[in-house]
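Peer 1: my_file.cif (mmCIF, C-alpha atoms) pasted underneath:
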data_my_file
#
loop_
_atom_site.label_atom_id
_atom_site.label_comp_id
_atom_site.auth_asym_id
_atom_site.auth_seq_id
_atom_site.Cartn_x
_atom_site.Cartn_y
_atom_site.Cartn_z
CA MET A 18 -101.78 13.48 -32.22
CA ASN A 19 -103.86 16.20 -33.74
CA GLY A 20 -103.68 18.89 -31.06
CA SER A 21 -107.33 18.39 -30.21
CA GLU A 22 -106.47 18.58 -26.51
CA GLN A 23 -106.38 22.36 -26.97
CA LEU A 24 -110.18 22.21 -27.23
CA LEU A 25 -110.31 20.79 -23.73
CA LYS A 26 -107.55 22.89 -22.25
CA ARG A 27 -108.80 26.21 -23.54
CA LEU A 28 -112.55 26.71 -23.29
CA PRO A 29 -114.31 28.42 -26.20
CA ASN A 30 -115.15 31.48 -24.10
CA ASP A 31 -111.54 31.96 -22.91
CA ILE A 32 -110.64 34.53 -25.52
CA GLY A 33 -108.62 37.15 -23.62
CA GLY A 34 -105.55 37.99 -25.67
CA LEU A 35 -106.60 36.27 -28.90
CA ASP A 36 -106.35 38.12 -32.19
CA ALA A 37 -109.54 39.85 -33.24
CA GLY A 38 -110.74 42.58 -35.53
CA PRO A 39 -111.75 46.12 -34.68
CA VAL A 40 -114.50 46.73 -32.14
CA GLU A 41 -117.73 47.40 -34.02
CA ARG A 42 -120.04 49.40 -31.85
CA VAL A 43 -123.04 47.17 -32.34
CA ASP A 44 -125.99 47.01 -30.02
CA HIS A 45 -129.63 46.00 -30.33
CA GLU A 46 -132.76 46.42 -28.30
CA LEU A 47 -133.67 43.12 -26.68
CA GLU A 48 -136.52 41.13 -28.16
CA PRO A 49 -139.22 40.51 -25.56
CA TRP A 50 -138.28 36.83 -25.35
CA GLU A 51 -134.63 37.76 -24.78
CA LYS A 52 -135.59 40.00 -21.91
CA ARG A 53 -137.77 37.20 -20.50
CA CYS A 54 -134.79 34.87 -20.88
CA HIS A 55 -132.57 37.26 -18.95
CA ALA A 56 -135.21 37.59 -16.24
CA LEU A 57 -135.51 33.79 -16.15
CA ALA A 58 -131.76 33.51 -15.54
CA ASP A 59 -132.02 35.92 -12.62
CA VAL A 60 -135.03 34.12 -11.14
CA LEU A 61 -133.35 30.72 -11.51
CA ASP A 62 -130.33 32.14 -9.69
CA PHE A 63 -132.45 33.65 -6.89
CA HIS A 64 -133.97 30.23 -6.31
CA LYS A 65 -130.61 28.50 -6.79
CA ILE A 66 -132.28 26.20 -9.29
CA ILE A 67 -129.52 27.16 -11.72
CA ASN A 68 -126.96 29.56 -10.27
CA THR A 69 -125.11 32.03 -12.45
CA GLU A 70 -121.88 30.04 -12.47
CA GLU A 71 -123.78 26.90 -13.51
CA LYS A 72 -125.25 28.91 -16.37
CA ARG A 73 -121.76 29.99 -17.48
CA ARG A 74 -120.52 26.41 -17.40
CA GLY A 75 -123.63 25.27 -19.21
CA VAL A 76 -123.00 27.72 -22.04
CA GLU A 77 -119.36 26.61 -22.33
CA ALA A 78 -120.50 22.99 -22.44
CA LEU A 79 -122.50 23.69 -25.62
CA GLY A 80 -119.19 23.58 -27.44
CA ALA A 81 -117.54 25.86 -29.95
CA GLU A 82 -119.85 25.21 -32.88
CA MET A 83 -123.08 25.95 -31.03
CA ILE A 84 -121.48 28.90 -29.32
CA GLY A 85 -120.52 30.29 -32.70
CA ARG A 86 -123.92 29.81 -34.28
CA LEU A 87 -126.38 30.58 -31.49
CA SER A 88 -126.94 34.15 -30.36
CA TYR A 89 -126.30 35.23 -26.77
CA TYR A 90 -129.73 34.42 -25.31
CA GLU A 91 -130.21 31.38 -27.55
CA ARG A 92 -127.14 29.96 -25.82
CA TRP A 93 -128.64 30.69 -22.43
CA ILE A 94 -131.95 28.93 -23.05
CA ALA A 95 -130.20 25.92 -24.64
CA ALA A 96 -127.91 25.70 -21.60
CA PHE A 97 -130.88 25.98 -19.20
CA ALA A 98 -132.66 23.12 -20.96
CA ASN A 99 -129.58 20.89 -20.71
CA ILE A 100 -128.99 21.70 -17.05
CA LEU A 101 -132.64 21.16 -16.12
CA PHE A 102 -132.46 17.74 -17.79
CA GLN A 103 -129.24 16.88 -15.97
CA LYS A 104 -130.82 17.82 -12.66
CA GLY A 105 -133.90 15.77 -13.40
CA ILE A 106 -136.12 18.84 -13.09
CA LEU A 107 -137.45 18.46 -16.61
CA THR A 108 -137.28 15.60 -19.03
CA PRO A 109 -136.56 16.09 -22.74
CA GLY A 110 -140.02 14.64 -23.37
CA ASP A 111 -141.64 17.23 -21.09
CA LEU A 112 -139.94 20.02 -22.93
CA ALA A 113 -140.65 18.67 -26.40
CA ARG A 114 -144.36 18.25 -25.61
CA LYS A 115 -144.62 21.72 -24.14
CA MET A 116 -142.78 23.26 -27.07
CA ASP A 117 -145.27 21.61 -29.46
CA GLU A 118 -148.12 22.97 -27.36
CA VAL A 119 -146.64 26.47 -27.36
CA GLU A 120 -146.04 26.36 -31.08
CA ALA A 121 -149.60 25.18 -31.74
CA ARG A 122 -150.91 27.99 -29.57
CA TYR A 123 -148.99 30.58 -31.59
CA ALA A 124 -150.26 29.07 -34.84
CA ALA A 125 -153.83 29.13 -33.58
CA ASP A 126 -153.46 32.76 -32.44
CA GLU A 127 -152.04 33.65 -35.82
CA ALA A 128 -154.92 31.92 -37.62
CA ALA A 129 -157.46 33.66 -35.39
CA THR A 130 -155.86 37.03 -36.07
CA THR A 131 -155.87 36.37 -39.81
CA THR A 132 -159.51 35.27 -39.74
CA GLU A 133 -160.39 38.37 -37.75
CA ALA A 134 -158.59 40.58 -40.22
CA LEU A 135 -160.42 39.01 -43.14
CA HIS A 136 -163.76 39.65 -41.53
CA ARG A 137 -163.23 43.37 -40.93
CA MET B 21 -117.97 43.43 -0.38
CA GLN B 22 -114.70 45.31 -0.39
CA GLY B 23 -110.94 44.93 -0.18
CA GLY B 24 -110.28 44.05 3.45
CA ALA B 25 -107.50 44.85 5.84
CA ASN B 26 -105.86 42.07 7.82
CA ARG B 27 -108.66 41.10 10.18
CA SER B 28 -106.47 39.12 12.56
CA GLU B 29 -105.31 42.40 14.08
CA SER B 30 -108.64 42.81 15.84
CA LEU B 31 -109.03 39.26 17.22
CA GLY B 32 -109.85 38.76 20.84
CA ALA B 33 -107.63 36.68 23.08
CA GLY B 34 -108.18 32.95 22.72
CA ILE B 35 -110.07 33.28 19.44
CA VAL B 36 -109.10 30.57 16.95
CA LEU B 37 -110.02 31.20 13.34
CA ALA B 38 -111.61 28.47 11.26
CA ALA B 39 -109.68 27.26 8.25
CA GLY B 40 -110.20 29.74 5.45
CA GLU B 41 -111.49 32.49 7.74
CA ALA B 42 -108.41 34.67 7.54
CA PRO B 43 -107.04 35.62 4.16
CA VAL B 44 -103.85 33.74 3.38
CA PHE B 45 -102.46 36.62 1.31
CA GLY B 46 -102.39 40.30 2.09
CA PRO B 47 -101.86 43.52 0.18
CA GLY B 48 -98.34 43.73 -1.20
CA ASP B 49 -97.74 39.99 -1.31
CA ARG B 50 -96.11 38.77 -4.49
CA VAL B 51 -97.96 35.79 -5.91
CA ARG B 52 -97.89 33.55 -8.94
CA ILE B 53 -101.05 32.42 -10.69
CA LEU B 54 -100.68 28.67 -11.09
CA THR B 55 -100.20 26.96 -14.43
CA ARG B 56 -102.85 24.31 -13.94
CA SER B 57 -104.88 23.12 -16.92
CA PRO B 58 -108.15 21.97 -15.42
CA VAL B 59 -110.45 19.88 -17.58
CA GLY B 60 -113.87 21.45 -17.41
CA HIS B 61 -115.01 24.81 -16.16
CA TYR B 62 -112.47 27.35 -14.92
CA ARG B 63 -112.47 31.06 -14.16
CA VAL B 64 -108.79 31.87 -14.48
CA PRO B 65 -108.15 32.89 -18.07
CA THR B 66 -105.36 31.10 -19.93
CA TYR B 67 -103.58 34.37 -20.68
CA LEU B 68 -102.75 34.75 -16.96
CA ARG B 69 -101.57 31.25 -16.12
CA GLY B 70 -98.09 31.27 -14.65
CA LYS B 71 -97.92 35.06 -14.38
CA THR B 72 -96.71 36.83 -11.28
CA GLY B 73 -98.35 39.83 -9.71
CA VAL B 74 -98.96 41.68 -6.48
CA VAL B 75 -101.96 41.32 -4.21
CA GLU B 76 -103.93 44.55 -4.08
CA ALA B 77 -106.53 43.38 -1.62
CA ALA B 78 -108.31 40.36 -0.21
CA ILE B 79 -111.98 40.51 -1.17
CA GLU B 80 -114.28 40.14 1.82
CA PRO B 81 -116.18 38.09 2.67
CA ALA B 82 -114.65 34.72 1.79
CA GLY B 83 -116.62 32.89 -0.88
CA VAL B 84 -117.38 29.58 -2.41
CA ASP B 85 -115.02 28.35 -5.14
CA ASN B 86 -116.82 29.45 -8.30
CA GLU B 87 -115.34 26.58 -10.26
CA GLU B 88 -117.10 24.17 -7.87
CA GLU B 89 -120.24 26.29 -7.83
CA ALA B 90 -120.51 25.82 -11.57
CA TYR B 91 -121.25 22.16 -10.93
CA GLY B 92 -123.97 22.98 -8.42
CA ARG B 93 -121.71 22.70 -5.39
CA ASN B 94 -122.71 25.87 -3.57
CA ALA B 95 -121.50 24.82 -0.16
CA GLY B 96 -118.11 23.71 1.03
CA MET B 97 -115.18 25.54 2.47
CA LYS B 98 -115.08 29.20 1.68
CA ARG B 99 -111.83 30.89 0.85
CA HIS B 100 -110.86 34.35 -0.28
CA TYR B 101 -110.66 35.87 -3.70
CA TYR B 102 -107.83 38.33 -4.19
CA ARG B 103 -107.56 41.31 -6.46
CA ILE B 104 -104.20 40.83 -8.17
CA ALA B 105 -102.29 43.48 -10.11
CA VAL B 106 -100.24 42.14 -13.03
CA PRO B 107 -98.18 44.45 -15.27
CA MET B 108 -99.10 44.22 -18.95
CA THR B 109 -95.44 43.67 -19.81
CA GLU B 110 -95.49 40.59 -17.58
CA ILE B 111 -98.41 39.14 -19.55
CA TRP B 112 -97.53 40.09 -23.15
CA PRO B 113 -93.88 39.88 -24.24
CA ASP B 114 -94.49 42.34 -27.07
CA TYR B 115 -96.89 44.67 -25.27
CA ALA B 116 -97.21 47.85 -27.33
CA GLY B 117 -98.56 50.30 -24.77
CA SER B 118 -97.00 52.07 -21.83
CA HIS B 119 -94.83 50.03 -19.42
CA ARG B 120 -97.04 51.45 -16.66
CA ASP B 121 -100.15 49.67 -17.91
CA GLY B 122 -101.57 46.89 -15.81
CA LEU B 123 -104.29 44.33 -15.46
CA HIS B 124 -106.32 43.64 -12.34
CA ILE B 125 -108.28 40.48 -11.78
CA GLU B 126 -109.96 38.53 -8.99
CA ILE B 127 -108.39 35.12 -8.41
CA PHE B 128 -109.48 32.43 -5.94
CA GLU B 129 -107.01 31.52 -3.21
CA THR B 130 -106.39 27.98 -4.47
CA TRP B 131 -105.06 29.33 -7.76
CA LEU B 132 -102.26 31.34 -6.11
CA GLU B 133 -98.89 30.59 -4.58
CA ARG B 134 -96.68 32.98 -2.65
CA ILE B 135 -93.33 33.80 -4.22
CA MET C 18 -100.71 35.79 -29.74
CA PRO C 19 -102.31 32.40 -30.29
CA GLN C 20 -105.11 31.98 -32.75
CA LEU C 21 -107.97 29.53 -32.35
CA PRO C 22 -110.47 28.57 -35.04
CA ASP C 23 -112.82 31.48 -34.96
CA ALA C 24 -116.18 30.44 -33.64
CA HIS C 25 -116.97 33.69 -31.90
CA ASP C 26 -118.06 36.17 -34.53
CA HIS C 27 -121.66 35.31 -34.01
CA GLY C 28 -124.11 36.15 -36.72
CA HIS C 29 -126.49 37.15 -34.04
CA ASP C 30 -128.27 39.63 -36.26
CA HIS C 31 -130.16 37.11 -38.34
CA PRO C 32 -132.52 35.69 -35.71
CA HIS C 33 -133.86 39.15 -34.98
CA ALA C 34 -134.41 39.87 -38.67
CA GLU C 35 -136.37 36.63 -39.03
CA ILE C 36 -138.65 37.42 -36.13
CA SER C 37 -139.52 40.91 -37.23
CA GLN C 38 -140.24 39.81 -40.78
CA THR C 39 -142.51 36.85 -40.11
CA GLY C 40 -143.83 37.68 -36.64
CA ARG C 41 -143.47 34.01 -35.85
CA PRO C 42 -141.60 33.04 -32.70
CA SER C 43 -138.22 31.42 -33.20
CA TYR C 44 -137.38 27.94 -32.00
CA TYR C 45 -135.58 29.51 -29.04
CA GLU C 46 -138.45 31.77 -28.12
CA ILE C 47 -140.69 28.71 -28.10
CA MET C 48 -138.14 26.94 -25.90
CA GLU C 49 -137.98 29.89 -23.48
CA THR C 50 -141.78 30.00 -23.23
CA ALA C 51 -141.96 26.25 -22.70
CA VAL C 52 -139.27 26.17 -20.02
CA ARG C 53 -140.86 29.05 -18.15
CA GLU C 54 -144.34 27.53 -18.26
CA LEU C 55 -143.10 24.12 -17.14
CA LEU C 56 -141.20 25.62 -14.19
CA ILE C 57 -144.30 27.57 -13.16
CA GLU C 58 -146.50 24.46 -13.50
CA LYS C 59 -144.08 22.58 -11.27
CA ARG C 60 -144.22 25.50 -8.81
CA LEU C 61 -140.47 25.92 -8.92
CA ILE C 62 -140.91 29.57 -9.78
CA GLY C 63 -143.92 31.78 -9.19
CA PRO C 64 -146.11 33.01 -12.05
CA GLU C 65 -145.31 36.68 -11.51
CA GLU C 66 -141.58 36.38 -10.88
CA ILE C 67 -140.41 36.77 -14.46
CA ARG C 68 -142.64 39.77 -15.03
CA ARG C 69 -141.39 41.34 -11.81
CA GLN C 70 -137.75 40.73 -12.72
CA ILE C 71 -138.31 42.35 -16.12
CA GLU C 72 -139.49 45.43 -14.26
CA VAL C 73 -136.37 45.29 -12.11
CA LEU C 74 -134.19 45.08 -15.22
CA ASP C 75 -136.04 47.91 -16.93
CA SER C 76 -135.47 50.11 -13.89
CA ARG C 77 -131.68 49.77 -14.19
CA THR C 78 -130.11 52.13 -16.69
CA PRO C 79 -126.90 54.15 -16.96
CA ALA C 80 -128.79 57.07 -15.39
CA LEU C 81 -128.29 55.33 -12.05
CA GLY C 82 -124.54 55.12 -12.51
CA ALA C 83 -124.48 58.72 -13.67
CA LYS C 84 -126.22 59.75 -10.45
CA VAL C 85 -123.54 57.95 -8.43
CA VAL C 86 -120.75 59.62 -10.39
CA ALA C 87 -122.26 63.09 -10.08
CA ARG C 88 -122.71 62.67 -6.34
CA ALA C 89 -119.08 61.57 -5.99
CA TRP C 90 -117.96 64.63 -7.92
CA VAL C 91 -119.77 67.07 -5.64
CA ASP C 92 -119.48 65.31 -2.28
CA PRO C 93 -115.93 64.29 -1.26
CA GLU C 94 -117.13 62.24 1.71
CA PHE C 95 -119.53 60.26 -0.47
CA ARG C 96 -116.69 59.79 -2.92
CA ALA C 97 -114.51 58.34 -0.16
CA ARG C 98 -117.29 55.97 0.92
CA LEU C 99 -117.89 54.99 -2.70
CA LEU C 100 -114.25 54.09 -3.25
CA ALA C 101 -114.13 52.13 0.02
CA ASP C 102 -117.41 50.25 -0.50
CA GLY C 103 -118.99 50.63 -3.93
CA ARG C 104 -122.08 48.58 -3.27
CA GLY C 105 -122.78 50.20 0.09
CA ALA C 106 -122.50 53.71 -1.32
CA CYS C 107 -124.87 52.87 -4.20
CA GLU C 108 -127.33 51.42 -1.70
CA GLU C 109 -127.16 54.75 0.19
CA LEU C 110 -128.60 56.34 -2.98
CA GLY C 111 -131.37 53.76 -3.11
CA ILE C 112 -129.75 51.61 -5.80
CA SER C 113 -130.39 48.11 -4.54
CA PHE C 114 -128.34 45.14 -5.69
CA TYR C 115 -130.67 42.30 -6.56
CA ASP C 116 -127.88 39.73 -6.70
CA ASP C 117 -124.84 38.73 -4.64
CA THR C 118 -122.32 40.74 -6.63
CA GLY C 119 -120.04 43.30 -5.06
CA LEU C 120 -119.03 46.58 -6.65
CA ILE C 121 -115.60 48.18 -6.72
CA VAL C 122 -115.56 51.71 -8.09
CA LEU C 123 -112.41 52.54 -9.98
CA GLU C 124 -111.33 56.16 -9.87
CA ASN C 125 -109.79 57.75 -12.96
CA THR C 126 -107.08 60.26 -12.08
CA ASP C 127 -104.33 62.15 -13.84
CA LYS C 128 -102.17 59.06 -13.34
CA VAL C 129 -104.58 56.16 -13.92
CA HIS C 130 -107.26 55.46 -16.52
CA ASN C 131 -109.49 52.48 -15.80
CA LEU C 132 -111.20 50.15 -18.26
CA ILE C 133 -113.51 47.24 -17.50
CA VAL C 134 -114.03 44.00 -19.40
CA CYS C 135 -115.11 40.41 -18.91
CA THR C 136 -112.96 38.24 -21.16
CA LEU C 137 -114.63 34.99 -20.11
CA CYS C 138 -118.27 36.03 -20.49
CA SER C 139 -120.14 39.31 -19.99
CA CYS C 140 -119.89 40.30 -16.31
CA TYR C 141 -121.04 43.90 -16.03
CA PRO C 142 -122.33 46.08 -13.17
CA ARG C 143 -125.97 45.47 -14.17
CA PRO C 144 -127.64 46.68 -10.98
CA VAL C 145 -126.20 50.16 -11.51
CA LEU C 146 -125.80 50.38 -15.32
CA GLY C 147 -128.47 48.07 -16.75
CA LEU C 148 -127.67 45.57 -19.49
CA PRO C 149 -124.39 45.78 -21.41
CA PRO C 150 -124.19 46.76 -25.08
CA ASP C 151 -123.56 43.95 -27.59
CA TRP C 152 -120.05 45.13 -28.40
CA TYR C 153 -119.01 44.60 -24.78
CA LYS C 154 -120.05 40.92 -25.09
CA LEU C 155 -118.47 40.17 -28.46
CA LYS C 156 -115.00 38.87 -29.27
CA PRO C 157 -113.15 41.97 -30.50
CA TYR C 158 -113.61 43.88 -27.25
CA ARG C 159 -113.23 40.92 -24.92
CA ALA C 160 -110.13 39.58 -26.64
CA ARG C 161 -108.30 42.85 -27.18
CA ALA C 162 -109.16 45.03 -24.16
CA VAL C 163 -106.70 43.00 -22.04
CA SER C 164 -103.89 42.83 -24.59
CA GLU C 165 -104.09 46.11 -26.49
CA PRO C 166 -106.24 48.48 -24.43
CA ARG C 167 -104.73 51.59 -26.00
CA ALA C 168 -105.61 50.45 -29.51
CA VAL C 169 -109.14 49.58 -28.38
CA LEU C 170 -109.55 52.96 -26.71
CA ALA C 171 -108.29 54.66 -29.84
CA GLU C 172 -111.09 52.94 -31.78
CA PHE C 173 -113.48 54.73 -29.44
CA GLY C 174 -111.66 57.98 -30.14
CA THR C 175 -110.02 57.97 -26.72
CA ILE C 176 -106.29 58.62 -26.59
CA ILE C 177 -104.59 58.24 -23.22
CA PRO C 178 -101.07 59.72 -22.86
CA ASP C 179 -98.22 57.27 -22.27
CA ASP C 180 -97.45 58.66 -18.84
CA VAL C 181 -100.94 57.65 -17.66
CA GLU C 182 -101.33 54.03 -16.57
CA ILE C 183 -104.15 52.15 -18.24
CA ARG C 184 -105.54 49.71 -15.72
CA VAL C 185 -107.78 47.00 -17.16
CA SER C 186 -110.04 45.13 -14.73
CA ASP C 187 -111.15 41.70 -15.99
CA SER C 188 -114.20 40.47 -14.04
CA THR C 189 -114.16 36.79 -13.21
CA ALA C 190 -115.89 36.30 -9.89
CA MET C 191 -118.35 38.13 -7.65
CA VAL C 192 -116.99 41.64 -7.92
CA ARG C 193 -118.19 44.03 -10.62
CA PHE C 194 -116.64 47.31 -11.56
CA LEU C 195 -117.76 50.85 -12.32
CA VAL C 196 -115.38 53.50 -13.57
CA LEU C 197 -115.56 56.87 -11.83
CA PRO C 198 -114.51 59.18 -14.65
CA LYS C 199 -112.67 62.45 -14.15
CA ARG C 200 -114.90 65.47 -13.82
CA PRO C 201 -114.47 67.62 -16.92
CA GLU C 202 -113.05 71.14 -16.81
CA GLY C 203 -115.50 74.02 -16.88
CA THR C 204 -118.22 72.31 -14.84
CA GLU C 205 -117.57 74.09 -11.56
CA ASP C 206 -120.98 75.80 -11.63
CA PHE C 207 -122.96 72.77 -12.76
CA SER C 208 -125.69 71.37 -10.58
CA GLU C 209 -125.53 67.70 -9.62
CA GLU C 210 -128.27 66.98 -12.16
CA GLN C 211 -126.41 68.80 -14.91
CA LEU C 212 -123.29 66.84 -14.05
CA ALA C 213 -125.17 63.53 -14.15
CA ASP C 214 -126.46 64.43 -17.63
CA LEU C 215 -122.89 64.52 -18.90
CA VAL C 216 -121.98 61.05 -17.72
CA THR C 217 -122.34 58.36 -20.40
CA ARG C 218 -122.42 54.59 -20.05
CA ASP C 219 -119.24 54.41 -22.14
CA ALA C 220 -117.46 56.68 -19.65
CA MET C 221 -118.43 54.34 -16.81
CA ILE C 222 -117.04 51.38 -18.76
CA GLY C 223 -113.90 53.42 -19.35
CA VAL C 224 -113.83 53.57 -23.14
CA ALA C 225 -114.56 57.30 -23.23
CA PRO C 226 -113.96 60.30 -21.01
CA VAL C 227 -116.73 62.59 -19.84
CA SER C 228 -116.66 65.88 -21.64
CA ILE C 229 -118.66 69.01 -21.25
CA GLU C 230 -120.03 68.52 -24.79
CA THR C 231 -121.37 64.99 -24.58
CA GLY C 232 -124.44 64.12 -22.66
CA ARG C 233 -126.44 60.95 -22.14
CA THR C 234 -128.49 61.65 -25.22
CA SER C 235 -125.45 61.27 -27.44
CA ARG C 236 -123.98 57.98 -26.17
#
What does this structure look like when you write it as structure tokens?
Peer 2:
Amino acid sequence: MNGSEQLLKRLPNDIGGLDAGPVERVDHELEPWEKRCHALADVLDFHKIINTEEKRRGVEALGAEMIGRLSYYERWIAAFANILFQKGILTPGDLARKMDEVEARYAADEAATTTEALHR
Amino acid sequence: MQGGANRSESLGAGIVLAAGEAPVFGPGDRVRILTRSPVGHYRVPTYLRGKTGVVEAAIEPAGVDNEEEAYGRNAGMKRHYYRIAVPMTEIWPDYAGSHRDGLHIEIFETWLERI
Amino acid sequence: MPQLPDAHDHGHDHPHAEISQTGRPSYYEIMETAVRELLIEKRLIGPEEIRRQIEVLDSRTPALGAKVVARAWVDPEFRARLLADGRGACEELGISFYDDTGLIVLENTDKVHNLIVCTLCSCYPRPVLGLPPDWYKLKPYRARAVSEPRAVLAEFGTIIPDDVEIRVSDSTAMVRFLVLPKRPEGTEDFSEEQLADLVTRDAMIGVAPVSIETGRTSR
């Protein structure tokens, strides 16, 4: 008996009333990808491909460690990937291949920009 | 969407309401938030389980259970959410603020019992 | 109050620092791009929908909420409609709600001071205020606004007398909240636009009052 059932009974986001430090008035301007991620959430909800409540559950399901280490929108996109896999809309293979393609595209763009800069 | 009055007052003769159509609770009703411990997604924070409060209003229209919706079940019987007023001193035994302070929250019908 | 192992003080600053230094997209940005492109390829979402929704989001700022507040201050009948049906009254002013959420407007009076929070996530009246600040989404505010609202307000420099009820609204379902702050003294001759300029996002969350000195430029 190690009290681990508390992890199941109290979700990691259920923090009302817990002890915490002072409110630090932090804010940041969204990165473009974060804004796209927020827009994606809205569009997925409009289509009911992933509704807002499913997104919330999906973030909770990441578990306390991921929740602690991923930023707000990183949690969203990770949750979307998982839910899309569960629903059979995407496969992990699809996503991995596309991510490689996207990454290669960025690298190629970067190389082209560097080459261009050298030739000025 | 707004706090609704008791709609059954304006029903025509012979009209039978579907299950879940009329709010079960009305403004002023004393209710207790259940002490369930669901495994999986929930939308009633732990800090309020078992607390008693007063219904401020039934939220119209009735809605899908958001705890079911989280698993992709968007359909099914709709019921009402209720705006519940709970005194802070009811929630926190050592509440440091004014005894007047309160908390308001929307709770789905299946999480409430009349007391 | 119970204490859980603290997994909620997110070091969310570091990903942004990495991106701006190297210019290279993060793992998550690559994931977002990939997911979006795959969904478009599968025709589950349209190619312009994300771009359009970004425009929708960009069009929602606290200036909209301020307009609602100022109108309520000058027009008692609008105020009554706003308190009876928050979403409907906003829609009267052309503020559309792009989702299924409702809006309840909470009136601050001499007897009641309202504060809004979402302890479970980050529910916020986005159609009328735009996106919430980070502090609203982080643990200290979410954990403590429901258990020690007066201490939290004091951290914002807001002291509420003991004979005024602090009413905290914790969003959990389809309803969102907007605080209708008290109109400050000395603004009797202000135009509606001048009044709107005084209303800050923080006042509409309930962590600060509206004063004749502060305007939206000094949030």
Peer 1: Assuming the chain letters and numbering stay as they are in my file, what does the PyMOL selection byres ((chain C and resi 167-178) around 8) actually select? List them as a VMD selection string.
Peer 2: (chain A and resid 39 to 40) or (chain B and resid 117) or (chain C and resid 130 158 161 to 162 165 to 166 179 to 181 183 224 to 226)
Peer 1: Have a look at CA of Val196 in chain C and CA of Arg184 in chain C and let me know their distance in Å, one decimal.
Peer 2: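 If I compute the distance from CA of Val196 in chain C to CA of Arg184 in chain C, I get 10.8 Å.
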Peer 1: Could you tell me which residues of chain A sit within 6 Å of chain C when counting only C-alpha atoms, and give me the result as a list in words?
Peer 2: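 So the residues of chain A near chain C are Asn30, Asp31, Ile32, Gly33, Gly34, Leu35, Ala37, Gly38, Val40, Arg42, Val43, Asp44, Trp50, Ala56, Leu57, Gly85, Arg86, Ser88, Glu91, Lys115 and Met116 of chain A.
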Peer 1: Print the selection's residues with C-alpha atoms to a file, as a JSON list (two decimals), in the coordinates of the input.
Peer 2:
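Saved the output as again_0.json:
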[["chain", "number", "residue", "atom", "x", "y", "z"],
["A", 30, "ASN", "CA", -115.15, 31.48, -24.10],
["A", 31, "ASP", "CA", -111.54, 31.96, -22.91],
["A", 32, "ILE", "CA", -110.64, 34.53, -25.52],
["A", 33, "GLY", "CA", -108.62, 37.15, -23.62],
["A", 34, "GLY", "CA", -105.55, 37.99, -25.67],
["A", 35, "LEU", "CA", -106.60, 36.27, -28.90],
["A", 37, "ALA", "CA", -109.54, 39.85, -33.24],
["A", 38, "GLY", "CA", -110.74, 42.58, -35.53],
["A", 40, "VAL", "CA", -114.50, 46.73, -32.14],
["A", 42, "ARG", "CA", -120.04, 49.40, -31.85],
["A", 43, "VAL", "CA", -123.04, 47.17, -32.34],
["A", 44, "ASP", "CA", -125.99, 47.01, -30.02],
["A", 50, "TRP", "CA", -138.28, 36.83, -25.35],
["A", 56, "ALA", "CA", -135.21, 37.59, -16.24],
["A", 57, "LEU", "CA", -135.51, 33.79, -16.15],
["A", 85, "GLY", "CA", -120.52, 30.29, -32.70],
["A", 86, "ARG", "CA", -123.92, 29.81, -34.28],
["A", 88, "SER", "CA", -126.94, 34.15, -30.36],
["A", 91, "GLU", "CA", -130.21, 31.38, -27.55],
["A", 115, "LYS", "CA", -144.62, 21.72, -24.14],
["A", 116, "MET", "CA", -142.78, 23.26, -27.07]]
Peer 1: Please check the contacts: residues of chain B at most 8 Å away from chain A, using only C-alpha atoms, listed as a PyMOL selection string.
Peer 2: chain B and resi 57-61+65-67+86-87+89-92
Peer 1: Expressed in Å to a single decimal, how great is the separation between CA of Glu110 in chain B and CA of Lys71 in chain B?
Peer 2: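 Separation of CA of Glu110 in chain B and CA of Lys71 in chain B: 6.8 Å.
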Peer 1: If I take CA of Met221 in chain C and CA of Gly119 in chain C, how far is one from the other in Å, to one decimal?
Peer 2: 16.2 Å
Peer 1: Which polymer residues have any atom within 10 Å of an atom of Ala78 in chain B, counting all atoms listed in the file, with same-chain residues fewer than 2 positions away left out, as a ChimeraX atom specification?
Peer 2: /B:22-26,42-47,75-76,80-82,100-104,126-129
Peer 1: Written as a VMD selection string, what is the full residue list that the PyMOL selection byres ((chain B) within 7 of (chain C)) yields on the file shown?
Peer 2: chain B and resid 21 to 22 63 117 to 118 120 to 126
Peer 1: Box time for range 84-102 of chain A: axis-aligned, enclosing all its listed atoms, 6 Å extra on each side; report centre and edge lengths in Å to one decimal, as AutoDock Vina command-line options.
Peer 2:
--center_x -126.6 --center_y 26.5 --center_z -25.2 --size_x 24.1 --size_y 29.5 --size_z 30.2
Peer 1: Given the point (-114.2, 54.2, -14.4) in the file's coordinates, find the residues that have an atom at most 6 Å from it, counting all atoms listed in the file, and give them as a PyMOL selection string.
Peer 2: chain C and resi 123-125+131+195-198+221-223
Peer 1: Put those residues in a file: C-alpha atoms, as a CSV table (one decimal), in the frame of the given file.
Peer 2:
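See part-v4.csv below for the written result:
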chain,number,residue,atom,x,y,z
C,123,LEU,CA,-112.4,52.5,-10.0
C,124,GLU,CA,-111.3,56.2,-9.9
C,125,ASN,CA,-109.8,57.8,-13.0
C,131,ASN,CA,-109.5,52.5,-15.8
C,195,LEU,CA,-117.8,50.8,-12.3
C,196,VAL,CA,-115.4,53.5,-13.6
C,197,LEU,CA,-115.6,56.9,-11.8
C,198,PRO,CA,-114.5,59.2,-14.6
C,221,MET,CA,-118.4,54.3,-16.8
C,222,ILE,CA,-117.0,51.4,-18.8
C,223,GLY,CA,-113.9,53.4,-19.4
Peer 1: Which polymer residues, whether protein, DNA or RNA, lie within 7 Å of the coordinate (-97.3, 38.7, -2.3) when you count all atoms listed in the file? List them as a ChimeraX atom specification, using the chain letters and numbers from the file.
Peer 2: /B:45-46,48-51,74-75,134-135
